[in-house]
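A.B. asks: Next comes the structure file protein_25.cif, holding mmCIF, C-alpha atoms and all ligand atoms; chains and numbers go by the auth columns.
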data_data
#
loop_
_atom_site.group_PDB
_atom_site.id
_atom_site.type_symbol
_atom_site.label_atom_id
_atom_site.label_comp_id
_atom_site.label_asym_id
_atom_site.label_seq_id
_atom_site.Cartn_x
_atom_site.Cartn_y
_atom_site.Cartn_z
_atom_site.B_iso_or_equiv
_atom_site.auth_seq_id
_atom_site.auth_asym_id
ATOM 1 C CA MET A 1 -9.718 27.225 2.614 0.00 1 A
ATOM 2 C CA ARG A 2 -7.514 26.228 -0.330 0.00 2 A
ATOM 3 C CA ASP A 3 -4.778 24.840 1.912 0.00 3 A
ATOM 4 C CA GLY A 4 -7.372 23.202 4.203 0.00 4 A
ATOM 5 C CA PRO A 5 -6.961 19.637 2.886 0.00 5 A
ATOM 6 C CA GLY A 6 -3.157 20.048 2.860 0.00 6 A
ATOM 7 C CA ARG A 7 -3.157 21.315 6.437 0.00 7 A
ATOM 8 C CA LEU A 8 -5.371 18.388 7.428 0.00 8 A
ATOM 9 C CA GLN A 9 -3.018 15.900 5.780 0.00 9 A
ATOM 10 C CA GLY A 10 -0.059 17.472 7.568 0.00 10 A
ATOM 11 C CA LEU A 11 -1.840 17.169 10.909 0.00 11 A
ATOM 12 C CA GLU A 12 -2.826 13.576 10.215 0.00 12 A
ATOM 13 C CA ARG A 13 0.775 12.670 9.362 0.00 13 A
ATOM 14 C CA GLU A 14 1.988 14.343 12.555 0.00 14 A
ATOM 15 C CA LEU A 15 -0.663 12.473 14.529 0.00 15 A
ATOM 16 C CA GLN A 16 0.396 9.153 13.020 0.00 16 A
ATOM 17 C CA ARG A 17 4.069 9.807 13.815 0.00 17 A
ATOM 18 C CA LEU A 18 3.197 10.564 17.423 0.00 18 A
ATOM 19 C CA GLU A 19 1.043 7.423 17.681 0.00 19 A
ATOM 20 C CA GLU A 20 3.932 5.324 16.347 0.00 20 A
ATOM 21 C CA ASP A 21 6.320 7.014 18.776 0.00 21 A
ATOM 22 C CA ILE A 22 3.966 6.200 21.662 0.00 22 A
ATOM 23 C CA GLU A 23 3.654 2.575 20.549 0.00 23 A
ATOM 24 C CA ALA A 24 7.471 2.310 20.408 0.00 24 A
ATOM 25 C CA ASP A 25 7.728 3.707 23.952 0.00 25 A
ATOM 26 C CA LYS A 26 5.133 1.213 25.218 0.00 26 A
ATOM 27 C CA LYS A 27 7.119 -1.598 23.629 0.00 27 A
ATOM 28 C CA ARG A 28 10.332 -0.348 25.275 0.00 28 A
ATOM 29 C CA ILE A 29 8.605 -0.256 28.666 0.00 29 A
ATOM 30 C CA GLN A 30 7.316 -3.816 28.185 0.00 30 A
ATOM 31 C CA ASP A 31 10.795 -5.013 27.171 0.00 31 A
ATOM 32 C CA LEU A 32 12.338 -3.347 30.221 0.00 32 A
ATOM 33 C CA LYS A 33 9.776 -4.980 32.526 0.00 33 A
ATOM 34 C CA LYS A 34 10.473 -8.361 30.942 0.00 34 A
ATOM 35 C CA THR A 35 14.234 -7.911 31.466 0.00 35 A
ATOM 36 C CA GLN A 36 13.531 -6.847 35.040 0.00 36 A
ATOM 37 C CA ARG A 37 11.555 -10.070 35.677 0.00 37 A
ATOM 38 C CA GLU A 38 14.480 -12.087 34.297 0.00 38 A
ATOM 39 C CA TYR A 39 16.893 -10.405 36.739 0.00 39 A
ATOM 40 C CA GLU A 40 14.420 -10.982 39.576 0.00 40 A
ATOM 41 C CA ALA A 41 14.224 -14.686 38.674 0.00 41 A
ATOM 42 C CA ASP A 42 18.057 -14.814 38.776 0.00 42 A
ATOM 43 C CA ILE A 43 17.951 -13.291 42.265 0.00 43 A
ATOM 44 C CA GLU A 44 15.352 -15.873 43.378 0.00 44 A
ATOM 45 C CA ASP A 45 17.586 -18.651 42.064 0.00 45 A
ATOM 46 C CA GLY A 46 20.555 -17.115 43.894 0.00 46 A
ATOM 47 C CA LEU A 47 18.591 -16.933 47.148 0.00 47 A
ATOM 48 C CA ALA A 48 17.500 -20.573 46.822 0.00 48 A
ATOM 49 C CA HIS A 49 21.095 -21.538 46.207 0.00 49 A
ATOM 50 C CA ILE A 50 22.263 -19.609 49.290 0.00 50 A
ATOM 51 C CA ARG A 51 19.569 -21.291 51.445 0.00 51 A
ATOM 52 C CA LYS A 52 20.699 -24.702 50.223 0.00 52 A
ATOM 53 C CA SER A 53 24.387 -23.907 50.873 0.00 53 A
ATOM 54 C CA ARG A 54 23.571 -22.675 54.383 0.00 54 A
ATOM 55 C CA GLY A 55 21.739 -25.946 55.030 0.00 55 A
ATOM 56 C CA ARG A 56 24.782 -27.866 53.963 0.00 56 A
ATOM 57 C CA ILE A 57 27.054 -25.922 56.345 0.00 57 A
ATOM 58 C CA MET A 58 25.516 -27.949 59.225 0.00 58 A
ATOM 59 C CA SER A 59 26.789 -31.186 57.766 0.00 59 A
ATOM 60 C CA VAL A 60 30.317 -30.212 56.611 0.00 60 A
ATOM 61 C CA LYS A 61 33.005 -32.618 57.631 0.00 61 A
ATOM 62 C CA ASN A 62 36.094 -30.418 57.540 0.00 62 A
ATOM 63 C CA ASN A 63 37.383 -26.861 57.466 0.00 63 A
ATOM 64 C CA LYS A 64 38.224 -26.903 53.739 0.00 64 A
ATOM 65 C CA GLU A 65 34.684 -27.862 52.797 0.00 65 A
ATOM 66 C CA TYR A 66 33.341 -25.228 55.198 0.00 66 A
ATOM 67 C CA ARG A 67 35.426 -22.460 53.587 0.00 67 A
ATOM 68 C CA ALA A 68 34.433 -23.549 50.111 0.00 68 A
ATOM 69 C CA LEU A 69 30.775 -23.309 51.039 0.00 69 A
ATOM 70 C CA LEU A 70 31.233 -19.856 52.596 0.00 70 A
ATOM 71 C CA ARG A 71 33.024 -18.676 49.436 0.00 71 A
ATOM 72 C CA GLU A 72 30.217 -20.013 47.277 0.00 72 A
ATOM 73 C CA ILE A 73 27.623 -18.215 49.379 0.00 73 A
ATOM 74 C CA GLU A 74 29.631 -14.988 49.186 0.00 74 A
ATOM 75 C CA GLN A 75 29.914 -15.217 45.399 0.00 75 A
ATOM 76 C CA THR A 76 26.199 -15.863 44.998 0.00 76 A
ATOM 77 C CA GLU A 77 25.423 -12.883 47.223 0.00 77 A
ATOM 78 C CA LYS A 78 27.715 -10.705 45.113 0.00 78 A
ATOM 79 C CA GLY A 79 26.003 -11.939 41.983 0.00 79 A
ATOM 80 C CA ASN A 80 22.621 -11.133 43.502 0.00 80 A
ATOM 81 C CA ALA A 81 23.771 -7.617 44.403 0.00 81 A
ATOM 82 C CA ASP A 82 24.750 -7.075 40.743 0.00 82 A
ATOM 83 C CA GLN A 83 21.339 -8.305 39.567 0.00 83 A
ATOM 84 C CA GLU A 84 19.649 -6.002 42.105 0.00 84 A
ATOM 85 C CA ASP A 85 21.512 -3.037 40.593 0.00 85 A
ATOM 86 C CA LYS A 86 20.240 -4.071 37.194 0.00 86 A
ATOM 87 C CA VAL A 87 16.683 -4.322 38.525 0.00 87 A
ATOM 88 C CA LEU A 88 17.046 -0.764 39.834 0.00 88 A
ATOM 89 C CA GLY A 89 18.294 0.341 36.405 0.00 89 A
ATOM 90 C CA CYS A 90 15.195 -1.194 34.812 0.00 90 A
ATOM 91 C CA LEU A 91 12.896 0.494 37.340 0.00 91 A
ATOM 92 C CA GLU A 92 14.480 3.885 36.649 0.00 92 A
ATOM 93 C CA GLY A 93 14.203 3.319 32.904 0.00 93 A
ATOM 94 C CA VAL A 94 10.516 2.407 33.214 0.00 94 A
ATOM 95 C CA GLU A 95 9.874 5.489 35.344 0.00 95 A
ATOM 96 C CA THR A 96 11.570 7.876 32.892 0.00 96 A
ATOM 97 C CA LEU A 97 9.845 6.342 29.888 0.00 97 A
ATOM 98 C CA SER A 98 6.455 6.382 31.623 0.00 98 A
ATOM 99 C CA LYS A 99 6.776 10.117 32.288 0.00 99 A
ATOM 100 C CA GLU A 100 7.721 10.736 28.651 0.00 100 A
ATOM 101 C CA LEU A 101 4.845 8.559 27.532 0.00 101 A
ATOM 102 C CA GLU A 102 2.382 10.506 29.650 0.00 102 A
ATOM 103 C CA ALA A 103 3.519 13.814 28.117 0.00 103 A
ATOM 104 C CA LYS A 104 3.299 12.370 24.611 0.00 104 A
ATOM 105 C CA GLU A 105 -0.205 11.041 25.247 0.00 105 A
ATOM 106 C CA GLU A 106 -1.313 14.482 26.401 0.00 106 A
ATOM 107 C CA GLY A 107 0.170 15.926 23.210 0.00 107 A
ATOM 108 C CA LEU A 108 -1.658 13.319 21.162 0.00 108 A
ATOM 109 C CA SER A 109 -4.972 14.118 22.770 0.00 109 A
ATOM 110 C CA ALA A 110 -4.471 17.867 22.121 0.00 110 A
ATOM 111 C CA MET A 111 -3.579 17.107 18.512 0.00 111 A
ATOM 112 C CA ARG A 112 -6.698 14.954 18.076 0.00 112 A
ATOM 113 C CA ASP A 113 -8.826 17.846 19.342 0.00 113 A
ATOM 114 C CA ARG A 114 -7.118 20.219 16.936 0.00 114 A
ATOM 115 C CA LEU A 115 -7.663 17.852 14.020 0.00 115 A
ATOM 116 C CA GLU A 116 -11.341 17.547 14.905 0.00 116 A
ATOM 117 C CA SER A 117 -11.854 21.313 14.998 0.00 117 A
ATOM 118 C CA GLU A 118 -9.968 21.723 11.713 0.00 118 A
ATOM 119 C CA LYS A 119 -12.224 19.107 10.129 0.00 119 A
ATOM 120 C CA THR A 120 -15.326 20.866 11.412 0.00 120 A
ATOM 121 C CA ALA A 121 -14.086 24.230 10.115 0.00 121 A
ATOM 122 C CA ILE A 122 -13.319 22.763 6.714 0.00 122 A
ATOM 123 C CA SER A 123 -16.682 21.038 6.328 0.00 123 A
ATOM 124 C CA LYS A 124 -18.429 24.290 7.304 0.00 124 A
ATOM 125 C CA GLU A 125 -16.404 26.105 4.653 0.00 125 A
ATOM 126 C CA VAL A 126 -17.236 23.442 2.053 0.00 126 A
ATOM 127 C CA ALA A 127 -20.939 23.772 2.885 0.00 127 A
ATOM 128 C CA ARG A 128 -20.699 27.557 2.547 0.00 128 A
ATOM 129 C CA VAL A 129 -18.994 27.305 -0.859 0.00 129 A
ATOM 130 C CA HIS A 130 -21.645 24.828 -2.067 0.00 130 A
ATOM 131 C CA GLU A 131 -24.370 27.214 -0.991 0.00 131 A
ATOM 132 C CA GLU A 132 -22.637 30.082 -2.780 0.00 132 A
ATOM 133 C CA LEU A 133 -22.305 27.955 -5.905 0.00 133 A
ATOM 134 C CA SER A 134 -25.965 27.033 -5.798 0.00 134 A
ATOM 135 C CA ASP A 135 -26.884 30.750 -5.520 0.00 135 A
ATOM 136 C CA ILE A 136 -24.674 31.523 -8.515 0.00 136 A
ATOM 137 C CA GLU A 137 -26.306 28.717 -10.498 0.00 137 A
ATOM 138 C CA LYS A 138 -29.767 30.047 -9.650 0.00 138 A
ATOM 139 C CA SER A 139 -28.914 33.561 -10.787 0.00 139 A
ATOM 140 C CA ARG A 140 -27.334 32.144 -13.942 0.00 140 A
ATOM 141 C CA GLU A 141 -30.561 30.310 -14.757 0.00 141 A
ATOM 142 C CA LYS A 142 -32.474 33.593 -14.464 0.00 142 A
ATOM 143 C CA LEU A 143 -29.930 35.485 -16.584 0.00 143 A
ATOM 144 C CA VAL A 144 -29.915 32.828 -19.293 0.00 144 A
ATOM 145 C CA GLN A 145 -33.656 33.346 -19.821 0.00 145 A
ATOM 146 C CA THR A 146 -33.032 36.994 -20.726 0.00 146 A
ATOM 147 C CA ILE A 147 -30.500 36.202 -23.466 0.00 147 A
ATOM 148 C CA ALA A 148 -31.517 35.715 -27.114 0.00 148 A
ATOM 149 C CA PRO A 149 -31.420 31.974 -27.944 0.00 149 A
ATOM 150 C CA GLN A 150 -29.128 32.481 -30.931 0.00 150 A
ATOM 151 C CA LEU A 151 -26.612 34.420 -28.863 0.00 151 A
ATOM 152 C CA LEU A 152 -26.798 31.874 -26.078 0.00 152 A
ATOM 153 C CA ALA A 153 -26.140 29.068 -28.567 0.00 153 A
ATOM 154 C CA LYS A 154 -23.088 30.942 -29.874 0.00 154 A
ATOM 155 C CA TYR A 155 -21.875 31.490 -26.308 0.00 155 A
ATOM 156 C CA GLU A 156 -22.276 27.798 -25.423 0.00 156 A
ATOM 157 C CA GLN A 157 -20.483 26.803 -28.622 0.00 157 A
ATOM 158 C CA ILE A 158 -17.454 28.984 -27.834 0.00 158 A
ATOM 159 C CA LYS A 159 -17.484 27.831 -24.216 0.00 159 A
ATOM 160 C CA ALA A 160 -17.412 24.171 -25.267 0.00 160 A
ATOM 161 C CA ARG A 161 -14.537 24.747 -27.683 0.00 161 A
ATOM 162 C CA ARG A 162 -12.461 27.038 -25.471 0.00 162 A
ATOM 163 C CA GLY A 163 -12.047 25.155 -22.245 0.00 163 A
ATOM 164 C CA GLY A 164 -15.185 26.485 -20.564 0.00 164 A
ATOM 165 C CA ILE A 165 -14.360 30.177 -21.003 0.00 165 A
ATOM 166 C CA ALA A 166 -16.381 31.987 -23.674 0.00 166 A
ATOM 167 C CA VAL A 167 -15.746 35.612 -22.738 0.00 167 A
ATOM 168 C CA ALA A 168 -12.403 37.408 -22.550 0.00 168 A
ATOM 169 C CA LEU A 169 -11.687 40.869 -21.227 0.00 169 A
ATOM 170 C CA VAL A 170 -9.447 43.123 -23.308 0.00 170 A
ATOM 171 C CA ASN A 171 -7.035 45.376 -21.540 0.00 171 A
ATOM 172 C CA ASN A 172 -4.474 47.585 -23.346 0.00 172 A
ATOM 173 C CA ALA A 173 -5.507 45.939 -26.625 0.00 173 A
ATOM 174 C CA THR A 174 -4.603 42.459 -25.304 0.00 174 A
ATOM 175 C CA CYS A 175 -6.945 39.485 -24.952 0.00 175 A
ATOM 176 C CA SER A 176 -6.886 38.304 -21.318 0.00 176 A
ATOM 177 C CA GLU A 177 -7.376 34.664 -22.322 0.00 177 A
ATOM 178 C CA CYS A 178 -5.029 34.046 -25.248 0.00 178 A
ATOM 179 C CA HIS A 179 -2.779 37.021 -24.413 0.00 179 A
ATOM 180 C CA LEU A 180 -2.496 38.092 -28.036 0.00 180 A
ATOM 181 C CA GLY A 181 -3.004 41.606 -29.333 0.00 181 A
ATOM 182 C CA ILE A 182 -6.268 42.960 -30.716 0.00 182 A
ATOM 183 C CA PRO A 183 -5.703 45.024 -33.933 0.00 183 A
ATOM 184 C CA PRO A 184 -5.940 48.817 -33.255 0.00 184 A
ATOM 185 C CA GLN A 185 -8.977 49.276 -35.487 0.00 185 A
ATOM 186 C CA MET A 186 -10.907 46.520 -33.712 0.00 186 A
ATOM 187 C CA TYR A 187 -9.789 47.809 -30.336 0.00 187 A
ATOM 188 C CA ASN A 188 -11.222 51.236 -31.162 0.00 188 A
ATOM 189 C CA GLU A 189 -14.472 49.684 -32.293 0.00 189 A
ATOM 190 C CA LEU A 190 -14.622 47.519 -29.204 0.00 190 A
ATOM 191 C CA GLN A 191 -14.563 50.603 -26.999 0.00 191 A
ATOM 192 C CA ARG A 192 -17.760 51.819 -28.669 0.00 192 A
ATOM 193 C CA GLN A 193 -19.490 48.740 -27.200 0.00 193 A
ATOM 194 C CA ASP A 194 -22.163 48.793 -29.878 0.00 194 A
ATOM 195 C CA THR A 195 -21.967 45.223 -31.127 0.00 195 A
ATOM 196 C CA LEU A 196 -20.572 41.856 -30.226 0.00 196 A
ATOM 197 C CA ARG A 197 -16.938 41.284 -31.241 0.00 197 A
ATOM 198 C CA PHE A 198 -14.689 38.236 -31.178 0.00 198 A
ATOM 199 C CA CYS A 199 -10.970 37.836 -30.507 0.00 199 A
ATOM 200 C CA PRO A 200 -9.328 37.270 -33.922 0.00 200 A
ATOM 201 C CA ASN A 201 -7.067 34.669 -32.338 0.00 201 A
ATOM 202 C CA CYS A 202 -9.082 32.614 -29.829 0.00 202 A
ATOM 203 C CA GLN A 203 -12.551 33.578 -31.150 0.00 203 A
ATOM 204 C CA ARG A 204 -13.912 34.297 -27.699 0.00 204 A
ATOM 205 C CA ILE A 205 -16.427 37.062 -27.167 0.00 205 A
ATOM 206 C CA ILE A 206 -14.383 40.096 -26.118 0.00 206 A
ATOM 207 C CA CYS A 207 -15.302 42.913 -23.747 0.00 207 A
ATOM 208 C CA TRP A 208 -13.418 46.103 -23.092 0.00 208 A
ATOM 209 C CA LYS A 209 -11.984 45.800 -19.604 0.00 209 A
ATOM 210 C CA GLU A 210 -12.506 49.414 -18.549 0.00 210 A
ATOM 211 C CA ALA A 211 -16.206 49.129 -19.382 0.00 211 A
ATOM 212 C CA GLU A 212 -16.366 46.013 -17.242 0.00 212 A
ATOM 213 C CA THR A 213 -14.694 47.581 -14.217 0.00 213 A
ATOM 214 C CA SER A 214 -16.673 50.829 -14.388 0.00 214 A
ATOM 215 C CA THR A 215 -20.028 49.043 -14.238 0.00 215 A
HETATM 216 ZN ZN ZN B . -8.169 35.839 -27.466 0.00 301 B
#
For this file, produce the structure as C-alpha cells.
C.D. replies:
Amino acid sequence: MRDGPGRLQGLERELQRLEEDIEADKKRIQDLKKTQREYEADIEDGLAHIRKSRGRIMSVKNNKEYRALLREIEQTEKGNADQEDKVLGCLEGVETLSKELEAKEEGLSAMRDRLESEKTAISKEVARVHEELSDIEKSREKLVQTIAPQLLAKYEQIKARRGGIAVALVNNATCSECHLGIPPQMYNELQRQDTLRFCPNCQRIICWKEAETST
C-alpha cells in the first residue's frame, strides 16, 4: 500500500512515454505517405512528358531530332523507374511502421487496463484504512471516558509538546522515544508499575516494555 502512489506514478509515466512513442510513429507514417505522394506526382509528370514527346515524334523533320526525342523519352522513363523504386521504399516503410504501431497500441491498451486495476486496488485499500482509522477513533473515544480528567489533561499536554507522542516504552533502561537512559533507581521503580512515571529527559509518560508485551 505504501508504494501504491509511487507504483501508480511509474505506470503513468510509462503510459505517457508509450503514447508519445505512438504519436511519433503516426507522424513518421504520415510523413512517409506525403513523400510517397510527391514521388507519385513526379511519375505522373514524367508520364505526361513522355506522352507529349511521343506525340511530337509524328511531326519530326529529321533523324537527329527523332533521336533526341527518343533519348529524352528514355531518360524520363529511367527517372520514373527510380521514382517507382522510391515509392516502393515508402510503401515498405509504412507497412513496417504500421505493424510496429499496432503492437504498441496493443501494449498501450494492456497498460491502461493495468493502471485502472491498480487504481481500483489502491482506492479500496484507502477506503479500508479509513474504516480502520474510524474504528480506532471510536474505541479511543470510549477509552478516553474511562480516564481521570486530570490524567487526561496531563497526557494531552505532553502529547502537544512532544510531537504527538505522549507515551514512551522503556526497554533495557532506555526511553524508546528520546533514546536516553533511565536512571537505575527509576528503572527499578518503573518495573513495579505502581504509579505513573515520566522520562527525566523528554518528560513523556514511560511504561516498562516487558509489561506492555506480556499483556
Ligand atoms: Zn524519553
A.B. asks: Around ligand ZN 301 (chain B), out to 9 Å and counting only C-alpha atoms and all ligand atoms, which residues are there? I want them as a list in words.
C.D. replies: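 After applying the 9 Å limit, what remains is Val167, Ala168, Leu169, Val170, Thr174, Cys175, Ser176, Glu177, Cys178, His179, Leu180, Gly181, Ile182, Phe198, Cys199, Pro200, Asn201, Cys202, Gln203, Arg204, Ile205 and Ile206 of chain A.
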A.B. asks: Figure out the distance between atom CA of Thr76 of chain A and atom CA of Gly46 of chain A, please, to one decimal in Å.
C.D. replies: 5.9 Å
A.B. asks: Please list as a VMD selection string every residue within 10 Å of Tyr187 of chain A, counting only C-alpha atoms and excluding residues in the same chain fewer than 2 positions away.
C.D. replies: chain A and resid 170 to 174 181 to 185 189 to 192 197 206 to 208
A.B. asks: When you count all atoms listed in the file, which of these residues is closest to Lys86 of chain A: A:Lys142, A:Arg28, A:Lys33, A:Arg17?
C.D. replies: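 Using all atoms listed in the file, Lys86 of chain A sits closest to A:Lys33.
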A.B. asks: Show me, as a ChimeraX atom specification, the residues that have an atom within 9 Å of Gly93 of chain A when counting only C-alpha atoms, minus same-chain residues fewer than 5 positions from it.
C.D. replies: /A:29,32,88,98
A.B. asks: For the residues in the current selection, export C-alpha atoms as a compact mmCIF listing (two decimals), keeping the file's coordinate frame.
C.D. replies:
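Below is the file that was written, out-v9.txt:
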# COMPACT_ATOMS: atom_id res chain seq x y z
CA ILE A 29 8.60 -0.26 28.67
CA LEU A 32 12.34 -3.35 30.22
CA LEU A 88 17.05 -0.76 39.83
CA SER A 98 6.46 6.38 31.62
A.B. asks: Could you tell me which of A:Asp82, A:Glu12, A:Glu95, A:Asp42 comes closest to Asp25 of chain A if we count all atoms listed in the file?
C.D. replies: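 Comparing A:Asp82, A:Glu12, A:Glu95, A:Asp42 against Asp25 of chain A, the winner is A:Glu95.
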A.B. asks: In file coordinates, which residues lie within 7 Å of (5.8, 11.4, 18.2) using only C-alpha atoms, given as a list in words?
C.D. replies: Arg17, Leu18, Glu19, Glu20, Asp21, Ile22 and Lys104 of chain A
A.B. asks: Could you give me the centre and size, in Å to one decimal, of an axis-aligned box around all listed atoms of segment 78-81 of chain A with 8 Å added on every side, as JSON?
C.D. replies:
{"center_x": 25.2, "center_y": -9.8, "center_z": 43.5, "size_x": 21.1, "size_y": 20.3, "size_z": 19.1}
A.B. asks: Can you tell me which residues surround segment 111-126 of chain A at a distance of at most 9 Å, considering all atoms listed in the file, apart from same-chain residues fewer than 3 positions away, and format the answer as a list in words?
C.D. replies: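 Using all atoms listed in the file, the neighbours found are Met1, Gly4, Pro5, Arg7, Leu8, Leu11, Glu12, Glu14, Leu15, Glu106, Gly107, Leu108, Val129, His130 and Glu131 of chain A.
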A.B. asks: Please dump the current selection as a PDB file, in the frame of the given file; keep C-alpha atoms.
C.D. replies:
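Once everything was written out, this is out-v9.pdb:
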ATOM      1  CA  MET A   1      -9.718  27.225   2.614  1.00  0.00           C
ATOM      2  CA  GLY A   4      -7.372  23.202   4.203  1.00  0.00           C
ATOM      3  CA  PRO A   5      -6.961  19.637   2.886  1.00  0.00           C
ATOM      4  CA  ARG A   7      -3.157  21.315   6.437  1.00  0.00           C
ATOM      5  CA  LEU A   8      -5.371  18.388   7.428  1.00  0.00           C
ATOM      6  CA  LEU A  11      -1.840  17.169  10.909  1.00  0.00           C
ATOM      7  CA  GLU A  12      -2.826  13.576  10.215  1.00  0.00           C
ATOM      8  CA  GLU A  14       1.988  14.343  12.555  1.00  0.00           C
ATOM      9  CA  LEU A  15      -0.663  12.473  14.529  1.00  0.00           C
ATOM     10  CA  GLU A 106      -1.313  14.482  26.401  1.00  0.00           C
ATOM     11  CA  GLY A 107       0.170  15.926  23.210  1.00  0.00           C
ATOM     12  CA  LEU A 108      -1.658  13.319  21.162  1.00  0.00           C
ATOM     13  CA  VAL A 129     -18.994  27.305  -0.859  1.00  0.00           C
ATOM     14  CA  HIS A 130     -21.645  24.828  -2.067  1.00  0.00           C
ATOM     15  CA  GLU A 131     -24.370  27.214  -0.991  1.00  0.00           C
TER      16      GLU A 131
END
A.B. asks: Which value, in Å to one decimal, gives the distance between atom CA of Asn188 of chain A and atom CA of Ala166 of chain A?
C.D. replies: 21.3 Å
A.B. asks: Any idea what the distance is between atom CA of Ala68 of chain A and atom CA of Arg56 of chain A?
C.D. replies: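 Distance between the two atoms: 11.3 Å.
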